[in-house]
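Text of final.cif (mmCIF, C-alpha atoms) as supplied:
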```cif
data_data
loop_
_atom_site.group_PDB
_atom_site.id
_atom_site.type_symbol
_atom_site.label_atom_id
_atom_site.label_comp_id
_atom_site.auth_asym_id
_atom_site.auth_seq_id
_atom_site.Cartn_x
_atom_site.Cartn_y
_atom_site.Cartn_z
ATOM 1 C CA MET A 5 168.177 -82.864 -44.341
ATOM 2 C CA GLY A 6 165.923 -79.795 -44.041
ATOM 3 C CA VAL A 7 164.740 -80.030 -47.635
ATOM 4 C CA LEU A 8 163.950 -83.736 -47.260
ATOM 5 C CA SER A 9 161.907 -83.197 -44.103
ATOM 6 C CA SER A 10 159.994 -80.353 -45.777
ATOM 7 C CA PHE A 11 159.299 -82.612 -48.747
ATOM 8 C CA THR A 12 157.956 -85.424 -46.573
ATOM 9 C CA GLU A 13 155.785 -82.959 -44.646
ATOM 10 C CA LEU A 14 154.338 -81.635 -47.900
ATOM 11 C CA PHE A 15 153.603 -85.050 -49.443
ATOM 12 C CA ASP A 16 151.847 -87.988 -47.843
ATOM 13 C CA PHE A 17 153.250 -90.858 -49.880
ATOM 14 C CA LYS A 18 150.355 -93.148 -48.922
ATOM 15 C CA VAL A 19 147.945 -90.615 -50.454
ATOM 16 C CA VAL A 20 150.229 -90.193 -53.483
ATOM 17 C CA GLY A 21 150.282 -93.964 -54.042
ATOM 18 C CA THR A 22 146.546 -94.325 -53.538
ATOM 19 C CA ALA A 23 145.781 -91.440 -55.927
ATOM 20 C CA PHE A 24 148.185 -92.843 -58.524
ATOM 21 C CA GLY A 25 146.724 -96.337 -58.324
ATOM 22 C CA ALA A 26 143.102 -95.206 -58.408
ATOM 23 C CA ILE A 27 143.572 -92.750 -61.285
ATOM 24 C CA PHE A 28 145.777 -95.125 -63.278
ATOM 25 C CA LEU A 29 143.239 -97.942 -63.034
ATOM 26 C CA ALA A 30 140.300 -95.607 -63.707
ATOM 27 C CA GLU A 31 141.953 -94.253 -66.858
ATOM 28 C CA MET A 32 142.659 -97.679 -68.375
ATOM 29 C CA GLY A 33 140.397 -97.960 -71.409
ATOM 30 C CA ASP A 34 138.768 -94.631 -70.568
ATOM 31 C CA LYS A 35 137.716 -92.086 -73.177
ATOM 32 C CA THR A 36 140.966 -90.179 -72.637
ATOM 33 C CA GLN A 37 143.057 -93.208 -73.526
ATOM 34 C CA ILE A 38 140.883 -94.021 -76.535
ATOM 35 C CA ALA A 39 141.045 -90.396 -77.717
ATOM 36 C CA SER A 40 144.842 -90.419 -77.346
ATOM 37 C CA LEU A 41 145.020 -93.640 -79.352
ATOM 38 C CA THR A 42 142.814 -92.141 -82.061
ATOM 39 C CA PHE A 43 144.776 -88.865 -82.214
ATOM 40 C CA GLY A 44 148.051 -90.773 -82.356
ATOM 41 C CA LEU A 45 146.829 -92.915 -85.245
ATOM 42 C CA GLN A 46 145.326 -89.976 -87.158
ATOM 43 C CA SER A 47 148.244 -87.604 -86.719
ATOM 44 C CA GLY A 48 151.106 -90.074 -87.008
ATOM 45 C CA LYS A 49 152.776 -87.987 -84.293
ATOM 46 C CA PRO A 50 152.419 -90.088 -81.127
ATOM 47 C CA TRP A 51 154.922 -88.069 -79.071
ATOM 48 C CA SER A 52 153.090 -84.832 -79.852
ATOM 49 C CA VAL A 53 149.842 -86.487 -78.776
ATOM 50 C CA PHE A 54 151.555 -87.754 -75.613
ATOM 51 C CA VAL A 55 152.743 -84.253 -74.666
ATOM 52 C CA GLY A 56 149.392 -82.623 -75.460
ATOM 53 C CA ALA A 57 147.359 -85.269 -73.631
ATOM 54 C CA SER A 58 149.718 -85.203 -70.636
ATOM 55 C CA LEU A 59 149.465 -81.421 -70.334
ATOM 56 C CA ALA A 60 145.671 -81.618 -70.568
ATOM 57 C CA LEU A 61 145.530 -84.278 -67.835
ATOM 58 C CA VAL A 62 147.859 -82.289 -65.583
ATOM 59 C CA LEU A 63 145.815 -79.106 -66.028
ATOM 60 C CA SER A 64 142.454 -80.812 -65.507
ATOM 61 C CA THR A 65 143.802 -82.550 -62.397
ATOM 62 C CA LEU A 66 145.152 -79.247 -61.062
ATOM 63 C CA ILE A 67 141.746 -77.629 -61.536
ATOM 64 C CA ALA A 68 140.016 -80.532 -59.752
ATOM 65 C CA VAL A 69 142.462 -80.393 -56.819
ATOM 66 C CA ILE A 70 142.067 -76.625 -56.452
ATOM 67 C CA ILE A 71 138.282 -76.986 -56.466
ATOM 68 C CA SER A 72 138.518 -79.793 -53.897
ATOM 69 C CA ALA A 73 140.655 -77.584 -51.627
ATOM 70 C CA VAL A 74 138.095 -74.774 -51.838
ATOM 71 C CA LEU A 75 135.188 -77.154 -51.197
ATOM 72 C CA LYS A 76 137.013 -78.722 -48.249
ATOM 73 C CA LYS A 77 137.706 -75.313 -46.655
ATOM 74 C CA THR A 78 134.212 -73.958 -47.195
ATOM 75 C CA ASP A 79 132.429 -77.241 -46.449
ATOM 76 C CA ILE A 80 129.907 -76.395 -49.182
ATOM 77 C CA VAL A 81 129.375 -79.950 -50.382
ATOM 78 C CA SER A 82 130.160 -83.383 -48.978
ATOM 79 C CA PRO A 83 132.326 -86.001 -50.698
ATOM 80 C CA LYS A 84 129.245 -88.258 -50.854
ATOM 81 C CA THR A 85 127.334 -85.607 -52.816
ATOM 82 C CA ILE A 86 130.285 -85.243 -55.214
ATOM 83 C CA ARG A 87 130.310 -89.027 -55.771
ATOM 84 C CA TYR A 88 126.574 -89.005 -56.560
ATOM 85 C CA LEU A 89 126.944 -86.039 -58.907
ATOM 86 C CA ALA A 90 129.955 -87.579 -60.653
ATOM 87 C CA GLY A 91 128.212 -90.943 -61.032
ATOM 88 C CA SER A 92 125.105 -89.290 -62.414
ATOM 89 C CA LEU A 93 127.180 -87.230 -64.832
ATOM 90 C CA PHE A 94 128.956 -90.361 -66.090
ATOM 91 C CA ILE A 95 125.589 -92.043 -66.686
ATOM 92 C CA VAL A 96 124.251 -89.013 -68.574
ATOM 93 C CA ILE A 97 127.400 -88.768 -70.720
ATOM 94 C CA GLY A 98 127.271 -92.517 -71.404
ATOM 95 C CA LEU A 99 123.632 -92.354 -72.472
ATOM 96 C CA TRP A 100 124.301 -89.295 -74.614
ATOM 97 C CA THR A 101 127.237 -91.084 -76.265
ATOM 98 C CA ILE A 102 125.080 -94.120 -77.058
ATOM 99 C CA PHE A 103 122.005 -92.245 -78.330
ATOM 100 C CA LYS A 104 123.426 -89.051 -79.888
ATOM 101 C CA ASP A 105 122.922 -90.166 -83.499
#
```
What would the structure in this file look like if it were written as structure tokens?
Amino acid sequence: MGVLSSFTELFDFKVVGTAFGAIFLAEMGDKTQIASLTFGLQSGKPWSVFVGASLALVLSTLIAVIISAVLKKTDIVSPKTIRYLAGSLFIVIGLWTIFKD
């Protein structure tokens, strides 16, 4: 029972579910999914693409979570500022994607 109580102290399943739902919905039809589809079609090796894309998503998520932990501890920037920066970055990337040629 000690391991189970440690596990439930470490993970807040409401946060886990919320993060899963938000990220899953946000990724539907996103550039990552389209890139995975393209790589799978081009390579003919969908399972290799699945493993590579999964590892990339895990690593990029780990980096984001580590940065969020540092920002939370240091109180350098507010979540609202991050939302504005992220939204602005998405707009810039979208415009660049449309007008790059």
Which residue of A:Leu75, A:Leu14, A:Ile67, A:Ile97 approaches Lys35 of chain A most closely, using all atoms listed in the file: A:Ile97
Compute the distance from (150.4, -85.8, -75.5) to each atom, counting only C-alpha atoms, keep the residues with any atom at most 12 Å away, and return them as an MDAnalysis selection string; use the coordinates of the file. chainID A and resid 36:37 39:44 47 49:62
Output, as lines of an AutoDock Vina configuration file, the centre and edge lengths in Å (one decimal) of the axis-aligned box that contains all listed atoms of segment 37-54 of chain A with 4 Å of margin on each side.
```
center_x = 147.9
center_y = -89.4
center_z = -80.3
size_x = 22.0
size_y = 17.2
size_z = 21.6
```
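A straight line drawn from atom CA of Val81 of chain A to atom CA of Leu93 of chain A is 16.3 Å long.
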Atom CA of Phe11 of chain A to atom CA of Ala26 of chain A, straight-line distance in Å: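 Separation between atom CA of Ala26 of chain A and atom CA of Phe11 of chain A: 22.7 Å.
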For the atom pair atom CA of Asp16 of chain A and atom CA of Ser72 of chain A, what is the interatomic distance in Å to one decimal place? 16.8 Å
Missing atoms in segment 13-38 of chain A: can you complete it with N, CA and C atoms, as a compact mmCIF listing (two decimals), in the coordinates of the input?
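Writing the result to part.txt gives the following:
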```txt
# COMPACT_ATOMS: atom_id res chain seq x y z
N GLU A 13 156.92 -83.62 -45.30
CA GLU A 13 155.78 -82.96 -44.65
C GLU A 13 154.75 -82.51 -45.67
N LEU A 14 155.22 -82.13 -46.85
CA LEU A 14 154.34 -81.64 -47.90
C LEU A 14 153.56 -82.77 -48.57
N PHE A 15 154.21 -83.93 -48.73
CA PHE A 15 153.60 -85.05 -49.44
C PHE A 15 153.38 -86.23 -48.51
N ASP A 16 152.18 -86.75 -48.54
CA ASP A 16 151.85 -87.99 -47.84
C ASP A 16 151.94 -89.08 -48.90
N PHE A 17 152.99 -89.89 -48.82
CA PHE A 17 153.25 -90.86 -49.88
C PHE A 17 152.19 -91.95 -49.96
N LYS A 18 151.47 -92.20 -48.88
CA LYS A 18 150.35 -93.15 -48.92
C LYS A 18 149.24 -92.57 -49.80
N VAL A 19 148.96 -91.28 -49.63
CA VAL A 19 147.94 -90.62 -50.45
C VAL A 19 148.41 -90.54 -51.90
N VAL A 20 149.69 -90.24 -52.12
CA VAL A 20 150.23 -90.19 -53.48
C VAL A 20 150.05 -91.55 -54.17
N GLY A 21 150.41 -92.62 -53.48
CA GLY A 21 150.28 -93.96 -54.04
C GLY A 21 148.84 -94.35 -54.30
N THR A 22 147.97 -94.01 -53.37
CA THR A 22 146.55 -94.32 -53.54
C THR A 22 145.97 -93.55 -54.72
N ALA A 23 146.28 -92.26 -54.81
CA ALA A 23 145.78 -91.44 -55.93
C ALA A 23 146.31 -91.97 -57.26
N PHE A 24 147.60 -92.31 -57.29
CA PHE A 24 148.18 -92.84 -58.52
C PHE A 24 147.48 -94.13 -58.94
N GLY A 25 147.34 -95.06 -58.01
CA GLY A 25 146.72 -96.34 -58.32
C GLY A 25 145.29 -96.20 -58.78
N ALA A 26 144.52 -95.38 -58.07
CA ALA A 26 143.10 -95.21 -58.41
C ALA A 26 142.94 -94.54 -59.77
N ILE A 27 143.70 -93.48 -60.02
CA ILE A 27 143.57 -92.75 -61.28
C ILE A 27 144.09 -93.61 -62.44
N PHE A 28 145.21 -94.28 -62.23
CA PHE A 28 145.78 -95.12 -63.28
C PHE A 28 144.78 -96.21 -63.69
N LEU A 29 144.21 -96.89 -62.72
CA LEU A 29 143.24 -97.94 -63.03
C LEU A 29 141.97 -97.38 -63.66
N ALA A 30 141.52 -96.22 -63.17
CA ALA A 30 140.30 -95.61 -63.71
C ALA A 30 140.49 -95.16 -65.16
N GLU A 31 141.70 -94.76 -65.51
CA GLU A 31 141.95 -94.25 -66.86
C GLU A 31 142.18 -95.35 -67.88
N MET A 32 142.42 -96.58 -67.44
CA MET A 32 142.66 -97.68 -68.38
C MET A 32 141.40 -97.91 -69.21
N GLY A 33 141.53 -97.75 -70.52
CA GLY A 33 140.40 -97.96 -71.41
C GLY A 33 139.37 -96.85 -71.37
N ASP A 34 139.69 -95.75 -70.68
CA ASP A 34 138.77 -94.63 -70.57
C ASP A 34 138.77 -93.84 -71.87
N LYS A 35 137.83 -92.91 -71.97
CA LYS A 35 137.72 -92.09 -73.18
C LYS A 35 139.01 -91.33 -73.47
N THR A 36 139.71 -90.91 -72.43
CA THR A 36 140.97 -90.18 -72.64
C THR A 36 141.98 -91.06 -73.35
N GLN A 37 142.10 -92.30 -72.91
CA GLN A 37 143.06 -93.21 -73.53
C GLN A 37 142.65 -93.53 -74.96
N ILE A 38 141.37 -93.73 -75.19
CA ILE A 38 140.88 -94.02 -76.54
C ILE A 38 141.08 -92.81 -77.45
```
